[in-house]
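> Have a peek at target11.cif (mmCIF, C-alpha atoms).
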```
data_target
#
loop_
_atom_site.label_atom_id
_atom_site.label_comp_id
_atom_site.auth_asym_id
_atom_site.auth_seq_id
_atom_site.Cartn_x
_atom_site.Cartn_y
_atom_site.Cartn_z
CA MET A 18 -4.90 11.34 16.13
CA ARG A 19 -3.39 10.19 19.37
CA GLU A 20 0.06 11.37 20.36
CA ASP A 21 1.49 7.88 20.16
CA ASP A 22 0.10 7.37 16.68
CA THR A 23 1.87 10.58 15.68
CA TYR A 24 5.08 9.27 17.19
CA ASP A 25 4.67 6.04 15.21
CA LEU A 26 4.43 8.09 12.05
CA GLU A 27 7.66 9.83 12.96
CA LEU A 28 9.33 6.49 13.57
CA HIS A 29 8.04 5.21 10.26
CA ARG A 30 9.36 8.31 8.49
CA ARG A 31 12.78 7.69 10.03
CA LEU A 32 12.57 4.02 9.16
CA SER A 33 11.99 4.96 5.55
CA SER A 34 15.34 6.78 5.75
CA ARG A 35 16.95 3.54 6.93
CA ASP A 36 17.25 4.74 10.51
CA ARG A 37 18.15 1.66 12.55
CA SER A 38 17.27 3.31 15.86
CA ALA A 39 13.73 3.87 14.56
CA PHE A 40 13.55 0.20 13.64
CA ASP A 41 14.69 -0.77 17.13
CA GLU A 42 12.14 1.54 18.70
CA LEU A 43 9.33 0.06 16.62
CA PHE A 44 10.52 -3.38 17.64
CA ARG A 45 10.41 -2.36 21.29
CA ARG A 46 6.96 -0.86 20.87
CA TYR A 47 5.34 -3.67 18.93
CA GLY A 48 7.51 -6.75 19.26
CA ALA A 49 5.68 -8.21 22.25
CA SER A 50 2.23 -7.43 20.86
CA ALA A 51 3.19 -8.93 17.52
CA HIS A 52 4.54 -12.00 19.26
CA GLY A 53 1.39 -12.25 21.35
CA VAL A 54 -0.95 -12.43 18.39
CA ALA A 55 1.40 -14.63 16.36
CA LEU A 56 1.64 -17.04 19.25
CA ARG A 57 -2.11 -17.07 19.74
CA VAL A 58 -2.77 -17.82 16.07
CA THR A 59 0.01 -20.31 15.43
CA ALA A 60 0.24 -21.82 18.92
CA GLN A 61 3.83 -22.64 18.05
CA GLU A 62 6.60 -20.62 19.63
CA LEU A 63 9.16 -21.05 16.89
CA ILE A 64 6.69 -20.32 14.12
CA ALA A 65 5.42 -17.31 16.00
CA GLN A 66 8.94 -15.94 16.36
CA GLU A 67 9.52 -16.55 12.68
CA VAL A 68 6.32 -14.70 11.80
CA VAL A 69 7.36 -11.71 13.89
CA GLN A 70 10.87 -11.64 12.49
CA ASP A 71 9.60 -11.91 8.93
CA ALA A 72 7.14 -9.09 9.53
CA PHE A 73 9.82 -6.79 10.90
CA MET A 74 12.20 -7.65 8.09
CA ALA A 75 9.49 -7.03 5.53
CA LEU A 76 8.90 -3.66 7.14
CA TRP A 77 12.59 -2.85 6.99
CA ARG A 78 12.88 -3.84 3.35
CA ALA A 79 9.78 -2.03 2.13
CA PRO A 80 8.61 0.58 4.63
CA GLU A 81 6.73 2.43 1.89
CA ALA A 82 4.11 -0.31 1.88
CA PHE A 83 2.58 1.49 4.85
CA ASP A 84 0.68 4.52 3.70
CA PRO A 85 0.33 6.99 6.59
CA ALA A 86 -2.76 8.45 4.95
CA ARG A 87 -4.57 5.18 5.47
CA GLY A 88 -4.59 4.95 9.23
CA ALA A 89 -2.50 4.08 12.24
CA PHE A 90 0.81 2.31 11.87
CA ARG A 91 -0.21 0.11 14.78
CA SER A 92 -3.20 -1.28 12.88
CA PHE A 93 -1.20 -1.75 9.73
CA PHE A 94 1.65 -3.60 11.35
CA LEU A 95 -0.37 -5.82 13.67
CA SER A 96 -2.68 -6.66 10.79
CA LEU A 97 0.38 -7.63 8.78
CA VAL A 98 1.58 -9.89 11.59
CA HIS A 99 -1.86 -11.46 11.87
CA HIS A 100 -2.01 -12.08 8.13
CA ARG A 101 1.39 -13.72 8.21
CA ALA A 102 0.44 -15.83 11.19
CA VAL A 103 -2.72 -17.08 9.50
CA ASP A 104 -0.77 -17.76 6.33
CA ALA A 105 1.79 -19.71 8.32
CA VAL A 106 -0.86 -21.81 10.01
CA ARG A 107 -2.58 -22.63 6.76
CA ARG A 108 0.65 -23.25 4.95
CA GLU A 109 1.92 -25.61 7.56
CA GLU A 110 -1.44 -27.38 7.80
CA ARG A 111 -1.16 -27.39 11.50
CA LEU A 112 -4.73 -26.44 12.21
CA ARG A 113 -5.52 -29.67 13.91
CA LYS A 114 -2.50 -29.64 16.19
CA ARG A 115 -3.00 -25.97 16.86
CA ALA A 116 -6.58 -26.51 17.93
CA GLU A 117 -5.47 -29.10 20.41
CA ARG A 118 -2.78 -26.88 21.82
CA ALA A 119 -4.94 -23.78 21.79
CA ALA A 120 -7.05 -25.28 24.50
CA ASN A 121 -4.11 -24.77 26.80
CA LEU A 122 -3.51 -21.18 25.82
CA GLU A 123 -5.00 -18.18 27.49
CA PRO A 124 -8.32 -16.86 26.23
CA ALA A 125 -8.59 -13.40 24.73
CA SER A 126 -10.50 -12.15 27.69
CA ASP A 127 -9.80 -9.75 30.47
CA GLU A 128 -6.52 -11.13 31.66
CA ASP A 129 -3.76 -8.74 32.50
CA PRO A 130 -0.86 -8.33 30.12
CA ALA A 131 1.86 -10.88 30.66
CA GLU A 132 4.14 -10.11 33.52
CA GLY A 133 7.59 -9.05 32.56
CA VAL A 134 6.48 -7.27 29.42
CA VAL A 135 7.26 -3.60 29.55
CA GLU A 136 4.69 -2.06 27.31
CA HIS A 137 4.03 1.49 26.38
CA ALA A 138 1.12 2.93 28.27
CA TYR A 139 -0.89 3.81 25.21
CA LEU A 140 -0.84 0.21 24.01
CA ASN A 141 -2.17 -0.85 27.37
CA VAL A 142 -4.97 1.68 26.99
CA ARG A 143 -5.85 0.44 23.52
CA ARG A 144 -5.56 -3.15 24.66
CA LYS A 145 -8.09 -2.53 27.39
CA GLU A 146 -10.39 -0.80 24.92
CA VAL A 147 -10.25 -3.76 22.55
CA ARG A 148 -10.90 -6.24 25.33
CA ASP A 149 -13.73 -4.17 26.73
CA ALA A 150 -15.25 -4.01 23.27
CA LEU A 151 -14.96 -7.77 22.86
CA GLY A 152 -16.62 -8.13 26.22
CA ILE A 153 -19.82 -6.50 25.03
CA LEU A 154 -20.34 -9.03 22.26
CA PRO A 155 -22.89 -11.80 22.64
CA ALA A 156 -21.10 -15.10 23.16
CA GLU A 157 -22.05 -16.55 19.79
CA GLN A 158 -20.82 -13.48 17.89
CA ARG A 159 -17.56 -13.41 19.80
CA GLN A 160 -17.09 -17.10 19.15
CA ALA A 161 -17.48 -16.71 15.40
CA LEU A 162 -15.10 -13.76 15.38
CA GLU A 163 -12.44 -15.46 17.48
CA MET A 164 -12.56 -18.71 15.53
CA ALA A 165 -11.85 -16.72 12.38
CA TYR A 166 -9.32 -14.27 13.74
CA PHE A 167 -7.41 -16.32 16.28
CA GLY A 168 -8.23 -19.74 14.91
CA GLY A 169 -7.37 -18.83 11.33
CA MET A 170 -10.50 -20.67 10.21
CA THR A 171 -12.56 -19.90 7.17
CA GLN A 172 -16.24 -19.21 7.69
CA LYS A 173 -17.02 -22.49 5.95
CA ARG A 174 -14.86 -24.34 8.44
CA ILE A 175 -16.43 -22.47 11.36
CA ALA A 176 -19.88 -23.46 10.16
CA GLU A 177 -18.78 -27.08 9.99
CA GLU A 178 -17.21 -26.96 13.43
CA LEU A 179 -20.26 -25.40 15.01
CA GLY A 180 -22.80 -27.32 12.97
CA ILE A 181 -24.61 -24.18 11.87
CA PRO A 182 -25.34 -22.71 8.43
CA ILE A 183 -22.55 -20.61 6.96
CA GLY A 184 -25.05 -17.79 6.58
CA THR A 185 -25.38 -17.71 10.35
CA VAL A 186 -21.61 -17.47 10.72
CA LYS A 187 -21.56 -14.55 8.32
CA THR A 188 -24.37 -12.77 10.11
CA ARG A 189 -22.74 -13.23 13.51
CA THR A 190 -19.36 -12.13 12.22
CA LEU A 191 -20.71 -8.98 10.64
CA ALA A 192 -22.68 -8.09 13.74
CA ALA A 193 -19.57 -8.58 15.84
CA MET A 194 -17.42 -6.45 13.58
CA ARG A 195 -19.97 -3.64 13.53
CA LYS A 196 -20.30 -3.61 17.29
CA LEU A 197 -16.55 -3.65 17.78
CA ARG A 198 -16.05 -0.83 15.33
CA ALA A 199 -18.66 1.28 16.99
CA ALA A 200 -17.24 0.65 20.45
CA LEU A 201 -13.64 1.34 19.44
CA ASP A 202 -14.56 4.43 17.44
CA GLU A 203 -16.31 5.71 20.51
CA SER A 204 -13.25 5.00 22.67
CA GLU A 205 -11.00 6.74 20.17
CA ASN A 206 -13.14 9.85 20.19
CA GLU A 207 -13.42 10.14 23.94
CA MET B 17 -25.56 -4.19 -11.22
CA ILE B 18 -27.49 -3.37 -8.07
CA GLU B 19 -25.46 -4.41 -5.06
CA ASP B 20 -26.85 -5.60 -1.76
CA HIS B 21 -24.82 -3.69 0.79
CA GLU B 22 -25.72 -5.93 3.68
CA ARG B 23 -24.31 -8.86 1.79
CA ILE B 24 -21.28 -6.84 0.74
CA ASP B 25 -20.64 -5.87 4.34
CA GLU B 26 -20.74 -9.55 5.29
CA LEU B 27 -18.18 -10.33 2.64
CA LEU B 28 -15.94 -7.41 3.57
CA ALA B 29 -16.03 -8.45 7.22
CA GLY B 30 -14.99 -11.97 6.29
CA TYR B 31 -12.36 -10.62 3.93
CA ALA B 32 -10.80 -8.45 6.62
CA LEU B 33 -10.60 -11.51 8.86
CA LEU B 34 -9.07 -13.66 6.08
CA ALA B 35 -12.01 -16.01 6.56
CA LEU B 36 -13.46 -16.29 3.07
CA SER B 37 -13.16 -19.26 0.76
CA GLY B 38 -14.73 -20.65 -2.37
CA ASP B 39 -17.49 -18.64 -4.00
CA ASP B 40 -17.37 -15.98 -1.29
CA ALA B 41 -13.71 -15.32 -2.00
CA ASP B 42 -14.47 -15.07 -5.71
CA GLU B 43 -17.35 -12.72 -5.03
CA VAL B 44 -15.32 -10.38 -2.85
CA ASP B 45 -12.60 -10.34 -5.49
CA ARG B 46 -15.14 -9.11 -7.99
CA LEU B 47 -16.48 -6.54 -5.58
CA LEU B 48 -13.03 -5.23 -4.75
CA THR B 49 -12.39 -4.68 -8.39
CA ASP B 50 -15.77 -3.66 -9.75
CA HIS B 51 -17.74 -2.09 -6.94
CA VAL B 52 -15.77 -1.03 -3.88
CA PRO B 53 -13.45 1.43 -5.63
CA GLY B 54 -16.44 3.47 -6.76
CA CYS B 55 -18.52 3.18 -3.61
CA ALA B 56 -17.60 5.55 -0.79
CA ARG B 57 -19.72 3.60 1.67
CA CYS B 58 -17.95 0.33 0.96
CA ARG B 59 -14.51 1.95 0.99
CA GLU B 60 -15.21 3.34 4.42
CA THR B 61 -16.57 0.02 5.63
CA LEU B 62 -13.58 -1.89 4.35
CA ALA B 63 -11.09 0.58 5.84
CA GLY B 64 -12.86 0.33 9.19
CA PHE B 65 -12.88 -3.46 9.19
CA GLN B 66 -9.22 -3.61 8.25
CA ALA B 67 -8.22 -1.21 10.99
CA LEU B 68 -10.22 -3.38 13.34
CA SER B 69 -8.34 -6.42 12.09
CA GLY B 70 -5.11 -4.80 13.27
CA ASP B 71 -6.48 -3.75 16.62
CA LEU B 72 -7.92 -7.17 17.35
CA ALA B 73 -4.35 -8.35 17.75
CA LEU B 74 -4.29 -6.39 20.98
CA ALA B 75 -6.89 -8.72 22.47
CA THR B 76 -4.05 -11.13 23.09
CA SER B 77 -1.58 -10.58 25.89
CA PRO B 78 1.80 -9.30 24.81
CA ALA B 79 4.40 -12.04 24.83
CA PRO B 80 8.04 -11.13 25.43
CA LEU B 81 10.36 -12.16 22.65
CA PRO B 82 13.64 -13.89 23.44
CA GLU B 83 16.53 -11.47 23.68
CA THR B 84 18.11 -13.16 20.70
CA VAL B 85 15.46 -11.94 18.28
CA LEU B 86 16.52 -8.32 17.90
CA PRO B 87 20.21 -9.19 17.35
CA ARG B 88 19.04 -11.74 14.79
CA LEU B 89 17.06 -9.04 13.03
CA HIS B 90 20.12 -6.79 13.10
CA ARG B 91 22.13 -9.49 11.40
CA SER B 92 19.45 -9.93 8.76
CA ILE B 93 19.44 -6.20 8.19
CA GLU B 94 23.20 -6.23 7.73
CA GLU B 95 22.78 -8.93 5.11
CA THR B 96 20.06 -7.03 3.27
CA PRO B 97 21.56 -5.16 0.38
CA VAL B 98 20.45 -1.55 0.24
CA ALA B 99 22.40 -0.44 -2.79
CA GLY B 100 22.73 -2.18 -6.09
CA ARG B 101 19.23 -3.54 -6.25
CA ARG B 102 18.35 -4.71 -9.66
CA LEU B 103 14.95 -3.13 -9.57
CA ARG B 104 14.23 0.55 -9.89
CA ARG B 105 13.15 1.85 -6.51
CA GLY B 106 10.85 4.40 -8.09
CA ALA B 107 8.97 1.71 -9.92
CA LEU B 108 8.53 -0.30 -6.76
CA VAL B 109 7.29 2.67 -4.82
CA ALA B 110 4.79 3.29 -7.54
CA LEU B 111 3.61 -0.28 -7.24
CA ALA B 112 3.21 -0.09 -3.50
CA ALA B 113 1.33 3.17 -3.64
CA SER B 114 -1.13 1.99 -6.20
CA VAL B 115 -2.05 -1.43 -4.95
CA VAL B 116 -5.77 -1.72 -4.65
CA ALA B 117 -7.09 -5.20 -4.31
CA VAL B 118 -6.20 -8.81 -4.41
CA ALA B 119 -8.29 -11.34 -6.16
CA ALA B 120 -7.50 -14.81 -4.96
CA MET B 121 -7.89 -17.24 -7.80
CA GLY B 122 -6.92 -20.65 -6.60
CA GLY B 123 -3.24 -20.40 -5.95
CA LEU B 124 -2.99 -17.16 -7.81
CA SER B 125 -3.45 -13.71 -6.42
CA LEU B 126 -3.92 -10.79 -8.71
CA VAL B 127 -3.32 -7.34 -7.36
CA LEU B 128 -4.76 -4.57 -9.38
CA GLY B 129 -3.62 -1.07 -8.82
CA GLY B 130 -4.58 2.47 -9.38
CA ARG B 131 -7.05 3.41 -6.71
CA LEU B 132 -5.41 4.80 -3.62
CA SER B 133 -8.54 4.42 -1.54
CA GLU B 134 -7.94 0.72 -1.34
CA ALA B 135 -4.20 0.88 -0.91
CA GLU B 136 -4.58 -0.40 2.61
CA THR B 137 -6.66 -3.31 1.43
CA ARG B 138 -3.74 -5.46 0.61
CA ALA B 139 -0.83 -3.38 1.78
CA GLY B 140 0.45 -6.50 3.45
CA THR B 141 0.59 -8.31 0.14
CA ALA B 142 2.39 -5.42 -1.50
CA LEU B 143 4.83 -5.39 1.36
CA GLU B 144 5.30 -9.10 0.94
CA ILE B 145 6.11 -8.81 -2.71
CA LEU B 146 8.30 -5.76 -2.41
CA SER B 147 10.13 -7.29 0.48
CA LEU B 148 10.80 -10.49 -1.38
CA MET B 149 12.02 -8.60 -4.40
CA ARG B 150 14.60 -6.92 -2.22
CA SER B 151 15.57 -9.87 -0.10
CA PRO B 152 18.98 -11.48 -0.42
CA GLY B 153 18.98 -14.20 -3.02
CA ALA B 154 16.03 -12.88 -4.98
CA GLU B 155 16.89 -12.88 -8.64
CA PRO B 156 14.49 -10.72 -10.60
CA VAL B 157 14.26 -11.73 -14.22
CA SER B 158 13.14 -9.29 -16.86
CA LEU B 159 10.45 -10.53 -19.17
CA GLU B 160 11.26 -9.29 -22.61
CA PRO B 161 8.55 -7.96 -24.92
CA ARG B 162 8.03 -10.09 -27.99
CA GLY B 163 7.02 -9.08 -31.49
CA GLU B 164 5.16 -5.78 -31.69
CA THR B 165 4.84 -5.42 -27.92
CA PRO B 166 5.99 -1.96 -26.80
CA PRO B 167 9.61 -2.17 -25.63
CA SER B 168 8.97 0.03 -22.60
CA SER B 169 6.41 -2.33 -21.13
CA GLY B 170 8.62 -4.95 -19.55
CA LEU B 171 7.50 -7.01 -16.63
CA VAL B 172 9.65 -8.43 -13.91
CA GLU B 173 9.45 -11.92 -12.53
CA VAL B 174 10.98 -12.83 -9.20
CA SER B 175 11.36 -16.42 -8.18
CA GLY B 176 11.09 -17.40 -4.56
CA VAL B 177 11.41 -20.92 -3.34
CA GLN B 178 7.87 -21.88 -4.32
CA THR B 179 6.44 -18.54 -5.23
CA LEU B 180 6.61 -16.61 -8.41
CA TYR B 181 5.82 -12.93 -8.48
CA LEU B 182 5.06 -10.98 -11.59
CA ALA B 183 5.10 -7.23 -11.40
CA SER B 184 4.82 -4.24 -13.65
CA ASP B 185 3.98 -0.59 -13.24
CA ASN B 186 3.71 0.17 -16.93
CA CYS B 187 1.92 -2.75 -18.50
CA PRO B 188 -0.17 -1.62 -21.49
CA PRO B 189 -3.88 -2.45 -21.48
CA PRO B 190 -4.82 -5.42 -23.67
CA SER B 191 -6.88 -4.89 -26.78
CA GLU B 192 -10.64 -4.62 -26.37
CA GLY B 193 -12.17 -7.98 -25.55
CA HIS B 194 -8.78 -9.39 -24.57
CA ALA B 195 -6.90 -10.06 -21.36
CA TYR B 196 -3.49 -11.42 -20.53
CA GLN B 197 -2.78 -15.05 -19.79
CA LEU B 198 0.27 -16.34 -17.97
CA TRP B 199 1.79 -19.59 -19.20
CA LEU B 200 4.49 -21.79 -17.75
CA GLY B 201 6.40 -24.09 -20.03
CA ALA B 202 8.59 -27.15 -19.87
CA ASP B 203 10.19 -28.81 -22.88
CA GLY B 204 8.02 -26.84 -25.27
CA GLU B 205 4.74 -27.73 -23.57
CA TRP B 206 2.86 -24.67 -22.28
CA ILE B 207 0.09 -24.66 -19.70
CA PRO B 208 -2.11 -21.68 -18.81
CA VAL B 209 -1.77 -20.74 -15.16
CA GLY B 210 -4.48 -18.94 -13.19
CA GLN B 211 -7.16 -16.76 -14.65
CA MET B 212 -6.61 -14.11 -17.25
CA PHE B 213 -5.77 -10.67 -15.94
CA ALA B 214 -5.57 -7.07 -17.00
CA PRO B 215 -3.48 -4.25 -15.57
CA ASP B 216 -5.10 -1.36 -13.80
CA ASN B 217 -3.43 1.90 -14.72
CA GLY B 218 -0.49 -0.14 -15.88
CA VAL B 219 -0.02 -1.96 -12.59
CA VAL B 220 0.15 -5.73 -12.34
CA LEU B 221 1.18 -7.79 -9.36
CA LEU B 222 0.75 -11.53 -9.56
CA GLU B 223 1.61 -13.96 -6.83
CA LEU B 224 1.66 -17.58 -7.82
CA GLU B 225 2.37 -20.57 -5.62
CA VAL B 226 4.32 -22.82 -7.92
CA ASP B 227 7.55 -24.73 -7.96
CA THR B 228 9.31 -22.82 -10.70
CA SER B 229 12.06 -25.43 -10.87
CA ALA B 230 9.60 -27.62 -12.76
CA TYR B 231 9.45 -25.16 -15.66
CA ASP B 232 11.94 -23.69 -18.05
CA GLY B 233 10.00 -20.75 -19.40
CA ILE B 234 7.34 -18.17 -18.71
CA TRP B 235 5.15 -16.55 -21.32
CA ILE B 236 2.45 -13.93 -21.09
CA THR B 237 0.13 -13.64 -24.03
CA GLU B 238 -2.86 -11.58 -25.06
CA GLU B 239 -5.94 -13.78 -25.32
CA LEU B 240 -9.61 -13.38 -26.11
CA ILE B 241 -11.66 -13.16 -22.91
CA GLY B 242 -13.56 -16.39 -22.51
CA PRO B 243 -12.74 -20.02 -21.81
CA PRO B 244 -9.11 -20.72 -20.95
CA PRO B 245 -7.04 -20.94 -24.13
CA GLU B 246 -5.43 -24.22 -25.01
CA THR B 247 -2.41 -22.81 -26.77
CA PRO B 248 -0.67 -19.43 -26.48
CA ASN B 249 -1.80 -16.78 -28.92
CA THR B 250 1.21 -15.74 -30.92
CA SER B 251 -0.32 -12.74 -32.67
CA GLY B 252 -0.96 -10.32 -29.80
CA TRP B 253 1.30 -8.56 -27.35
CA ALA B 254 3.47 -10.96 -25.41
CA TRP B 255 6.41 -11.23 -23.04
CA SER B 256 8.62 -14.17 -22.29
CA ALA B 257 11.69 -15.25 -20.37
CA SER B 258 13.62 -18.37 -19.57
CA LEU B 259 13.47 -19.63 -16.02
#
```
Show me this structure written as structure tokens.


Amino acid sequence: MREDDTYDLELHRRLSSRDRSAFDELFRRYGASAHGVALRVTAQELIAQEVVQDAFMALWRAPEAFDPARGAFRSFFLSLVHHRAVDAVRREERLRKRAERAANLEPASDEDPAEGVVEHAYLNVRRKEVRDALGILPAEQRQALEMAYFGGMTQKRIAEELGIPIGTVKTRTLAAMRKLRAALDESENE
Amino acid sequence: MIEDHERIDELLAGYALLALSGDDADEVDRLLTDHVPGCARCRETLAGFQALSGDLALATSPAPLPETVLPRLHRSIEETPVAGRRLRRGALVALAASVVAVAAMGGLSLVLGGRLSEAETRAGTALEILSLMRSPGAEPVSLEPRGETPPSSGLVEVSGVQTLYLASDNCPPPSEGHAYQLWLGADGEWIPVGQMFAPDNGVVLLELEVDTSAYDGIWITEELIGPPPETPNTSGWAWSASL
């Protein structure tokens, strides 16, 4: 386990004891990343902020929902934010508007982290690993993955959008997930 | 049943990305309940895909939040009651620790508990429910056992704006060949809501998108497994409460 993951566990332990400074530290560590993914999925600033706030409040109210035995806090929390963002998009039925606006948003490629965001070094390292891993995917696999993850689309919808059988979407998605896992596992073990 | 692991992997990948719908969502629900808990390979695959789902968030650039957000969170924290909750904390912790899977059934999600290996599967949903139960304004309502139903097996219903949660950590198993059915009633008319469910090691978490203001009562009855019942069974175990 990386040192920063261990520190997250310590922060989570303190959070479970209602330690406000631990909450603030987790906010500083993950607020911008959470906002980044929420903004990418919802494409709406106010909704994205709401998603992030709700996720942090949910964490404050029920910190025991994270089980340290199950993996990194980082994965748990950012997954939670992503889930909430997708839920928000679907609930608000803003997919169409979002798709239009998404064309103006940055791609999940090799761009540098936004200027002005002070981010912990380890997150930058992991961020680069994730982007590098995405970079090795064939274009069609990456497309299927990103339409689901960042577009909040179901595989059925992706198949319709791309005009391909849903079975092909599933195959591409699974291949993408396997390659990403393998690449990130390798990075983690280096 | 012999399972095709390539197909299961496809479903688990889609599940981790929240990208399933229709028959695929139903199929993964079944797998998460019937197959994954007993299959080390699938548990490992699912855990890996879900960790990946969190890390994929890092593919986006971090976006600074307005300086007003943290103070706003502090205010919300101040308004969040810590003491005097109407629910037993121990019971809630038990629920969170034992959540295993969510089966999406139309607007209804059923979370079955008891297998720690899948706790991460829907930790977010557990967090959602627990958080709502503890949020200001949430008014948990105890569902009282009816008839011969064991008195220690109460369930708790929490009404949100358009969401109803049903939770228990000590729900007794239904009789053989039976399952529980949730009903909502208005003016004496009862309608079955969602599919029938059974607790896993006593744990039940139901999340239902419904405008509870349209109903005046909730009823959970024990029904024969099969086609949806037309009227509530009054002879088995049951719980009820006014909304």

> Pick from A:Ala86, A:Val68, A:Leu97, A:Ala192: nearest to chain B, with only C-alpha atoms counted?

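Closest to chain B, using only C-alpha atoms: A:Leu97.
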
> I'd like the contact shell of range 177-181 of chain A - 10 Å cut-off, all atoms listed in the file, skipping same-chain residues fewer than 6 positions apart - returned as number ranges by chain.

A: 160-161, 164, 170-171

> So how many Å separate CA of Pro80 in chain A and CA of Phe93 in chain A, to one decimal?

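Atom-to-atom, CA of Pro80 in chain A and CA of Phe93 in chain A are spaced 11.3 Å apart.
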
> Would you kindly return, as a count of residues only, each protein, DNA or RNA residue with an atom no farther than 8 Å from any atom of Val98 in chain A, considering only C-alpha atoms and excluding same-chain residues fewer than 3 positions away?

10

> I need the residue set behind the PyMOL selection byres ((chain B and resi 189) around 7) for this file; please write it as a PDB file with C-alpha atoms, keeping the file's coordinate frame.


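Contents of result-v8.pdb, freshly written:
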```pdb
ATOM      1  CA  CYS B 187       1.920  -2.750 -18.500  1.00  0.00           C
ATOM      2  CA  PRO B 188      -0.170  -1.620 -21.490  1.00  0.00           C
ATOM      3  CA  PRO B 190      -4.820  -5.420 -23.670  1.00  0.00           C
ATOM      4  CA  SER B 191      -6.880  -4.890 -26.780  1.00  0.00           C
ATOM      5  CA  ALA B 214      -5.570  -7.070 -17.000  1.00  0.00           C
ATOM      6  CA  PRO B 215      -3.480  -4.250 -15.570  1.00  0.00           C
ATOM      7  CA  GLY B 218      -0.490  -0.140 -15.880  1.00  0.00           C
TER       8      GLY B 218
END
```

> List as a list in words the protein and nucleic acid residues near range 138-155 of chain A, meaning an atom at most 6 Å away when all atoms listed in the file are counted, but skip any in the same chain fewer than 5 places from it.

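Residues meeting the cut-off are Leu197 and Ala200 of chain A; Leu74 and Ala75 of chain B.
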
> Taking into account all atoms listed in the file, which residue in the set A:Asn206, A:Arg91, A:Val106, A:Glu163 is nearest to Arg189 in chain A?

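Once distances to Arg189 in chain A are computed over all atoms listed in the file, the minimum belongs to A:Glu163.
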
> CA of Glu26 in chain B to CA of Ala73 in chain B: how many Å, to one decimal?

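Distance reported for this atom pair: 20.6 Å.
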
> Hey, what's within 10 Å of range 59-70 of chain B if we count only C-alpha atoms and toss same-chain stuff fewer than 3 positions away? As an NGL selection string, please?

(:A and (87-100 or 147 or 166 or 191 or 194-195 or 197-199 or 201-202)) or (:B and (24-25 or 27-34 or 48 or 51-56 or 73-74 or 133-138))

> How far is it from CA of Thr190 in chain A to CA of Ala176 in chain A, in Å with one decimal?

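Atom-to-atom, CA of Thr190 in chain A and CA of Ala176 in chain A are spaced 11.5 Å apart.
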
> For a quick check of understanding, using only C-alpha atoms, which of B:Leu86, B:Ala195, B:Met212, B:Leu200 has the smallest distance to Phe73 in chain A?

B:Leu86
